[in-house]
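Chemist: For reference, this is run.csv, and it has CSV, C-alpha atoms.
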chain,number,residue,atom,x,y,z
A,1,MET,CA,49.7,8.8,135.5
A,2,VAL,CA,50.4,5.3,134.1
A,3,THR,CA,46.7,4.8,133.3
A,4,LEU,CA,46.6,8.1,131.4
A,5,PHE,CA,49.5,7.0,129.2
A,6,SER,CA,47.8,3.6,128.5
A,7,VAL,CA,44.6,5.3,127.3
A,8,ALA,CA,46.7,7.6,125.1
A,9,ILE,CA,48.4,4.7,123.4
A,10,LEU,CA,45.1,2.8,122.7
A,11,ALA,CA,42.8,5.6,121.9
A,12,CYS,CA,45.1,7.7,119.9
A,13,SER,CA,46.8,7.4,116.7
A,14,PRO,CA,49.7,9.2,115.3
A,15,PRO,CA,51.0,11.6,113.1
A,16,LYS,CA,51.5,13.9,110.4
A,17,GLY,CA,55.2,14.5,109.9
A,18,ILE,CA,57.1,17.5,108.7
A,19,HIS,CA,58.0,15.7,105.5
A,20,GLU,CA,55.9,12.9,104.0
A,21,SER,CA,58.6,10.5,103.0
A,22,GLU,CA,57.9,7.6,100.7
A,23,VAL,CA,58.1,4.3,102.6
A,24,THR,CA,57.5,1.2,100.5
A,25,GLU,CA,56.2,-2.0,102.1
A,26,GLY,CA,59.2,-3.8,100.5
A,27,SER,CA,61.7,-1.8,102.5
A,28,ILE,CA,60.2,-2.9,105.8
A,29,ALA,CA,58.5,-6.1,105.0
A,30,ASN,CA,58.5,-9.1,107.4
A,31,ASN,CA,60.6,-11.1,105.0
A,32,GLN,CA,63.4,-8.6,105.1
A,33,THR,CA,66.8,-10.3,105.3
A,34,LEU,CA,69.0,-9.9,108.3
A,35,ALA,CA,71.7,-8.6,106.0
A,36,ASP,CA,69.6,-5.7,104.9
A,37,ASN,CA,67.1,-4.5,107.5
A,38,SER,CA,66.0,-1.3,109.2
A,39,ARG,CA,68.5,-1.6,112.1
A,40,ASN,CA,71.6,-1.9,110.0
A,41,SER,CA,70.7,-0.1,106.7
A,42,LEU,CA,68.8,3.0,107.9
A,43,ASP,CA,69.8,6.0,110.0
A,44,TRP,CA,67.0,5.2,112.3
A,45,TYR,CA,68.2,7.0,115.4
A,46,GLY,CA,66.7,10.5,116.0
A,47,VAL,CA,63.5,12.3,116.9
A,48,TYR,CA,60.1,11.3,115.7
A,49,LYS,CA,57.0,13.5,116.0
A,50,GLY,CA,53.3,13.7,115.2
A,51,ILE,CA,49.9,14.6,116.5
A,52,THR,CA,47.7,11.6,117.2
A,53,PRO,CA,43.9,11.6,117.5
A,54,CYS,CA,42.5,11.5,121.0
A,55,ALA,CA,39.1,10.3,122.3
A,56,ASP,CA,38.6,13.2,124.8
A,57,CYS,CA,41.0,16.0,123.7
A,58,GLU,CA,42.0,18.0,120.6
A,59,GLY,CA,44.9,15.6,119.8
A,60,ILE,CA,48.1,14.3,121.4
A,61,GLU,CA,51.4,15.9,120.4
A,62,THR,CA,53.8,12.9,120.5
A,63,THR,CA,57.6,12.9,120.5
A,64,ILE,CA,59.8,9.8,120.6
A,65,THR,CA,63.6,10.0,120.6
A,66,LEU,CA,65.4,6.8,119.7
A,67,LYS,CA,69.1,6.7,120.7
A,68,ARG,CA,71.9,4.5,119.4
A,69,ASN,CA,72.5,3.2,122.9
A,70,SER,CA,69.0,1.5,122.9
A,71,THR,CA,67.3,4.0,125.1
A,72,PHE,CA,64.3,6.2,124.3
A,73,LYS,CA,62.6,9.3,125.6
A,74,ARG,CA,58.9,9.8,125.0
A,75,SER,CA,56.6,12.8,125.7
A,76,LEU,CA,52.9,13.2,125.2
A,77,LYS,CA,51.1,16.5,125.3
A,78,TYR,CA,47.3,16.4,125.5
A,79,LEU,CA,46.1,19.4,123.6
A,80,GLY,CA,43.2,21.3,125.1
A,81,LYS,CA,43.6,19.8,128.6
A,82,ASN,CA,44.8,21.5,131.8
A,83,GLU,CA,47.0,18.6,133.0
A,84,ASN,CA,48.2,17.7,129.6
A,85,SER,CA,51.8,16.4,129.8
A,86,PHE,CA,53.3,13.0,130.2
A,87,PHE,CA,57.0,12.0,129.9
A,88,ASP,CA,58.8,8.7,130.3
A,89,GLU,CA,62.1,7.1,129.2
A,90,GLY,CA,63.6,3.7,129.2
A,91,ASN,CA,65.1,1.0,127.0
A,92,PHE,CA,64.0,-0.5,123.8
A,93,GLU,CA,64.8,-3.7,122.0
A,94,TRP,CA,65.0,-4.8,118.4
A,95,ASP,CA,63.3,-7.9,117.2
A,96,GLU,CA,65.3,-10.6,115.6
A,97,THR,CA,64.6,-9.4,112.1
A,98,GLY,CA,65.9,-5.9,112.8
A,99,SER,CA,62.6,-4.3,111.6
A,100,TYR,CA,60.7,-3.6,114.9
A,101,VAL,CA,61.5,-2.0,118.2
A,102,THR,CA,59.7,-2.5,121.5
A,103,LEU,CA,59.7,0.4,123.9
A,104,MET,CA,59.7,-0.7,127.5
A,105,GLY,CA,58.3,2.1,129.7
A,106,LYS,CA,57.8,2.5,133.4
A,107,GLU,CA,55.6,0.1,135.3
A,108,GLY,CA,56.2,-2.5,132.6
A,109,THR,CA,54.3,-0.8,129.8
A,110,THR,CA,55.4,-1.8,126.3
A,111,GLN,CA,54.7,-0.5,122.8
A,112,MET,CA,55.9,-1.8,119.5
A,113,TYR,CA,56.9,0.2,116.4
A,114,GLN,CA,57.8,-0.9,112.9
A,115,VAL,CA,60.8,1.1,111.6
A,116,GLY,CA,60.9,2.5,108.1
A,117,GLU,CA,62.9,5.2,106.3
A,118,ASN,CA,62.3,8.4,108.3
A,119,VAL,CA,59.2,7.0,109.9
A,120,ILE,CA,58.0,4.6,112.6
A,121,PHE,CA,54.6,2.9,112.6
A,122,HIS,CA,52.6,2.4,115.8
A,123,LEU,CA,51.5,-1.2,116.0
A,124,ASP,CA,48.6,-2.9,117.6
A,125,GLN,CA,48.9,-5.0,120.8
A,126,GLU,CA,49.6,-8.1,118.7
A,127,GLY,CA,52.4,-6.3,116.8
A,128,ASN,CA,50.6,-5.8,113.5
A,129,ARG,CA,50.3,-2.8,111.3
A,130,ILE,CA,47.0,-1.0,111.8
A,131,THR,CA,44.7,-1.1,108.8
A,132,GLY,CA,41.5,0.7,107.7
A,133,GLU,CA,40.7,4.3,107.2
A,134,LEU,CA,42.9,5.5,110.0
A,135,ALA,CA,46.0,3.5,109.0
A,136,ASN,CA,47.9,6.5,107.7
A,137,MET,CA,47.5,8.3,111.1
A,138,TYR,CA,49.5,5.6,112.9
A,139,ARG,CA,52.9,7.0,111.9
A,140,LEU,CA,55.5,9.2,113.5
A,141,GLN,CA,57.7,11.2,111.1
A,142,LYS,CA,61.4,11.6,111.8
A,143,ASN,CA,62.7,15.1,112.1
A,144,PRO,CA,64.8,16.2,109.1
A,145,VAL,CA,68.5,16.1,109.5
A,146,ASP,CA,71.4,18.1,107.9
A,147,PHE,CA,74.8,16.6,107.9
A,148,ARG,CA,76.3,20.0,107.0
A,149,LEU,CA,75.1,21.5,110.3
A,150,GLU,CA,74.7,18.8,112.9
A,151,ASN,CA,77.2,16.9,115.1
A,152,LYS,CA,79.8,19.7,114.7
A,153,LYS,CA,81.1,22.5,116.9
A,154,TRP,CA,80.5,26.0,115.5
A,155,VAL,CA,82.5,28.8,117.1
A,156,LEU,CA,80.9,32.3,117.3
A,157,ILE,CA,82.8,34.9,115.3
A,158,GLU,CA,80.2,37.6,114.6
A,159,LEU,CA,77.1,39.1,116.2
A,160,ARG,CA,74.8,41.6,114.5
A,161,GLY,CA,77.5,42.3,111.9
A,162,LYS,CA,80.3,43.0,114.4
A,163,PRO,CA,83.2,40.7,115.0
A,164,VAL,CA,83.2,38.9,118.4
A,165,GLU,CA,86.4,39.6,120.4
A,166,LYS,CA,87.1,37.6,123.4
A,167,LYS,CA,87.2,39.8,126.5
A,168,GLU,CA,88.8,39.2,129.9
A,169,GLY,CA,86.7,36.8,131.9
A,170,GLN,CA,84.9,35.4,128.8
A,171,SER,CA,85.0,32.0,127.3
A,172,GLU,CA,84.8,31.0,123.7
A,173,GLY,CA,81.2,31.2,122.4
A,174,PHE,CA,80.0,28.2,120.4
A,175,ILE,CA,76.9,26.1,119.5
A,176,GLU,CA,76.4,22.4,118.7
A,177,PHE,CA,73.4,20.5,117.2
A,178,ASP,CA,72.9,16.9,118.2
A,179,MET,CA,71.4,15.0,115.3
A,180,GLU,CA,70.4,12.0,117.6
A,181,THR,CA,68.5,13.9,120.2
A,182,GLY,CA,67.4,17.1,118.5
A,183,MET,CA,69.1,19.2,121.2
A,184,PHE,CA,71.3,22.3,120.7
A,185,SER,CA,73.9,23.2,123.4
A,186,GLY,CA,76.9,25.4,123.8
A,187,LYS,CA,78.4,28.4,125.6
A,188,ASN,CA,77.4,32.0,125.2
A,189,THR,CA,80.8,33.2,126.3
A,190,CYS,CA,79.7,33.2,129.9
A,191,ASN,CA,77.1,30.4,130.6
A,192,ASN,CA,76.3,27.0,129.2
A,193,PHE,CA,72.9,26.8,127.4
A,194,PHE,CA,70.8,24.0,125.9
A,195,GLY,CA,67.4,23.4,124.4
A,196,GLN,CA,65.5,21.6,121.6
A,197,TYR,CA,65.6,22.5,117.9
A,198,GLU,CA,63.8,21.4,114.8
A,199,LEU,CA,64.9,21.6,111.2
A,200,MET,CA,62.5,22.2,108.3
A,201,GLU,CA,62.6,22.4,104.6
A,202,GLY,CA,64.4,25.3,103.0
A,203,ASP,CA,67.1,25.4,105.7
A,204,ARG,CA,64.6,26.7,108.2
A,205,ILE,CA,65.2,26.1,111.9
A,206,LYS,CA,63.1,26.5,115.0
A,207,PHE,CA,64.8,26.9,118.4
A,208,GLY,CA,62.9,25.9,121.5
A,209,GLN,CA,63.1,27.8,124.7
A,210,ALA,CA,66.7,27.7,125.9
A,211,GLY,CA,67.8,26.9,129.5
A,212,SER,CA,71.2,28.0,130.8
A,213,THR,CA,73.4,28.1,133.8
A,214,LEU,CA,73.3,31.3,135.9
A,215,MET,CA,76.9,32.3,136.5
A,216,ALA,CA,77.6,36.1,136.5
A,217,CYS,CA,80.4,37.5,134.3
A,218,PRO,CA,82.0,40.9,134.1
A,219,ASP,CA,80.5,41.7,130.7
A,220,MET,CA,77.1,40.1,129.8
A,221,THR,CA,76.5,42.0,126.6
A,222,THR,CA,77.7,39.2,124.2
A,223,GLU,CA,75.8,36.6,126.1
A,224,GLN,CA,72.6,38.6,126.0
A,225,GLU,CA,72.9,39.2,122.2
A,226,PHE,CA,73.8,35.6,121.6
A,227,MET,CA,70.7,34.3,123.5
A,228,GLU,CA,68.5,36.9,121.7
A,229,VAL,CA,69.6,35.4,118.4
A,230,LEU,CA,68.5,32.0,119.4
A,231,LYS,CA,65.0,33.4,120.2
A,232,ILE,CA,64.4,35.0,116.8
A,233,ALA,CA,66.5,33.1,114.2
A,234,ASP,CA,64.3,31.1,111.8
A,235,ASN,CA,66.7,30.0,109.1
A,236,TYR,CA,70.4,29.2,108.5
A,237,ASN,CA,73.0,28.9,105.8
A,238,VAL,CA,76.1,26.6,105.7
A,239,VAL,CA,78.7,27.5,103.2
A,240,ASP,CA,82.0,25.7,103.3
A,241,GLU,CA,83.0,26.0,107.0
A,242,LEU,CA,80.8,29.0,107.9
A,243,LEU,CA,77.4,28.9,109.5
A,244,SER,CA,75.0,31.9,109.7
A,245,LEU,CA,71.8,32.1,111.7
A,246,ASN,CA,69.3,34.5,110.1
A,247,ARG,CA,65.8,35.9,110.4
A,248,ALA,CA,63.8,35.9,107.2
A,249,LYS,CA,66.0,37.4,104.4
A,250,MET,CA,67.7,40.0,106.6
A,251,ALA,CA,71.4,40.3,107.2
A,252,PRO,CA,72.8,37.4,109.3
A,253,LEU,CA,72.2,37.7,113.0
A,254,ALA,CA,75.2,35.6,113.9
A,255,ARG,CA,78.1,33.9,112.1
A,256,PHE,CA,80.1,30.9,113.2
A,257,GLU,CA,83.1,29.0,111.9
A,258,LEU,CA,83.7,25.3,112.1
A,259,ALA,CA,85.9,24.5,115.1
A,260,LYS,CA,89.3,23.2,114.1
A,261,VAL,CA,90.0,19.6,115.0
A,262,ASP,CA,93.4,19.1,116.8
Turn the structure described in the file into structure tokens.
Modeler:
Amino acid sequence: MVTLFSVAILACSPPKGIHESEVTEGSIANNQTLADNSRNSLDWYGVYKGITPCADCEGIETTITLKRNSTFKRSLKYLGKNENSFFDEGNFEWDETGSYVTLMGKEGTTQMYQVGENVIFHLDQEGNRITGELANMYRLQKNPVDFRLENKKWVLIELRGKPVEKKEGQSEGFIEFDMETGMFSGKNTCNNFFGQYELMEGDRIKFGQAGSTLMACPDMTTEQEFMEVLKIADNYNVVDELLSLNRAKMAPLARFELAKVD
């Protein structure tokens, strides 16, 4: 398994992001001062994605999550292969200039990335930017973020146009979106749920498959409708302290209000 990952890093390159952000050489240059570098001037933490070329497969779907506690998670999916997935996690370190991170994986494997605005660049074994015709492919784009939506608790108040009334044996329904990890989580009035999400231009959202606990409750109707919304919603709106999850331009599937802070 470790050998497979090593081949992927060397034979593959990275990514086309969701948004092509402009990254100037000056913003991440080697002579960047310690007072103004990627580590302390950018919102670098988050989820980076791309599809990198592969020598013997259709491409490698690469996802790297950098967290503020200096840990990372990394997944590689080899498109077109039967045994196609690799996952690892570990710690990463910044260099003294605050411009580069080194991911330290299992079995002592390491990989360096240069950190720019909404992008990280895969570096060669000597820690240099890759040049030539394939240079632009060695980049992973950061998932878009939305400060209106993320890192807040949204309480369920309406499903399919009907007010949600808390019944006996039910808990408060809510959902949260974690900007740092790209994970959504919450409670569907009965069970806890969780999964991956992705934001896109135009207030569009893509929910990954949700996992949940399996507790039985007296009335599962609200839970079932809530989870169905997460399967089919593809866009959202945030107005003042109200969130709606929608599909296309139809009436909102669900409405939420911002949780009150005690």
Chemist: Between atom CA of A:Leu134 and atom CA of A:Thr52, measure the distance and give it in Å to one decimal.
Modeler: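 If I compute the distance from atom CA of A:Leu134 to atom CA of A:Thr52, I get 10.6 Å.
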Chemist: Taking all atoms listed in the file into account, produce a table as a tab-separated table in which each residue of stretch 112-222 of chain A with an atom at most 9 Å from an atom of stretch 42-45 of chain A appears once, together with its shortest atom pair and the distance in Å to one decimal, ordered by chain and rising number.
Modeler:
residue	atom	partner	partner_atom	distance
A:Val115	CA	A:Trp44	CA	7.5
A:Gly116	CA	A:Trp44	CA	7.9
A:Glu117	CA	A:Leu42	CA	6.5
A:Asn118	CA	A:Trp44	CA	7.0
A:Val119	CA	A:Trp44	CA	8.4
A:Lys142	CA	A:Trp44	CA	8.5
A:Met179	CA	A:Tyr45	CA	8.6
A:Glu180	CA	A:Tyr45	CA	5.9
A:Thr181	CA	A:Tyr45	CA	8.4
Chemist: Rank nothing, just name the residue among A:Phe193, A:Phe226, A:Phe121, A:Phe174 nearest to A:Gly50, using all atoms listed in the file.
Modeler: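 Closest residue, counting all atoms listed in the file: A:Phe121.
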Chemist: Hey, what's within 9 Å of stretch 66-78 of chain A if we count all atoms listed in the file and toss same-chain stuff fewer than 6 positions away? As a list in words, please?
Modeler: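 The contact residues come out as Phe5, Ala8, Trp44, Tyr45, Gly46, Val47, Tyr48, Cys54, Cys57, Glu58, Gly59, Ile60, Asn84, Ser85, Phe86, Phe87, Asp88, Glu89, Gly90, Asn91, Phe92, Glu93, Trp94, Leu103, Met104, Glu180 and Thr181 of chain A.
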Chemist: Within 12 Å of stretch 249-251 of chain A, counting only C-alpha atoms, which residues qualify if same-chain residues fewer than 3 places away don't, as a list of chain:residue names?
Modeler: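 The residues that qualify are A:Glu158, A:Leu159, A:Arg160, A:Gly161, A:Lys162, A:Arg204, A:Ile232, A:Ala233, A:Asp234, A:Asn235, A:Tyr236, A:Asn237, A:Ser244, A:Leu245, A:Asn246, A:Ala254, A:Arg255.
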Chemist: Just the number, please: distance in Å from atom CA of A:Lys187 to atom CA of A:Ala259, one decimal.
Modeler: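 So the answer is 13.5 Å.
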Chemist: For A:Asp146, which residue out of A:Met200, A:Leu230, A:Leu253, A:Leu242 is the nearest one, using only C-alpha atoms?
Modeler: A:Met200
Chemist: Applying 8 Å and only C-alpha atoms, which residues near A:Thr213 remain after dropping the ones on its own chain fewer than 2 positions away? List them as JSON, numbers by chain.
Modeler: {"A": [191, 192, 193, 211, 215]}
Chemist: Taking all atoms listed in the file into account, name the residue in A:Pro53, A:Gly195, A:Pro163, A:Gly98 that is nearest to A:Thr222.
Modeler: A:Pro163
Chemist: Using all atoms listed in the file for the distances, tell me which of A:Val145, A:Ile64, A:Met112, A:Leu79 is nearest to A:Glu201.
Modeler: A:Val145
Chemist: Provide the atom CA of A:Glu257 to atom CA of A:Lys166 distance in Å, to one decimal place.
Modeler: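 Atom CA of A:Lys166 lies 14.9 Å from atom CA of A:Glu257.
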Chemist: Could you please give me, as a PyMOL selection string, the residues of protein, DNA or RNA lying at most 10 Å from (82.0, 32.3, 124.9) in the coordinate frame of the file, considering only C-alpha atoms?
Modeler: chain A and resi 155-157+164-167+169-175+186-192+222-223+226
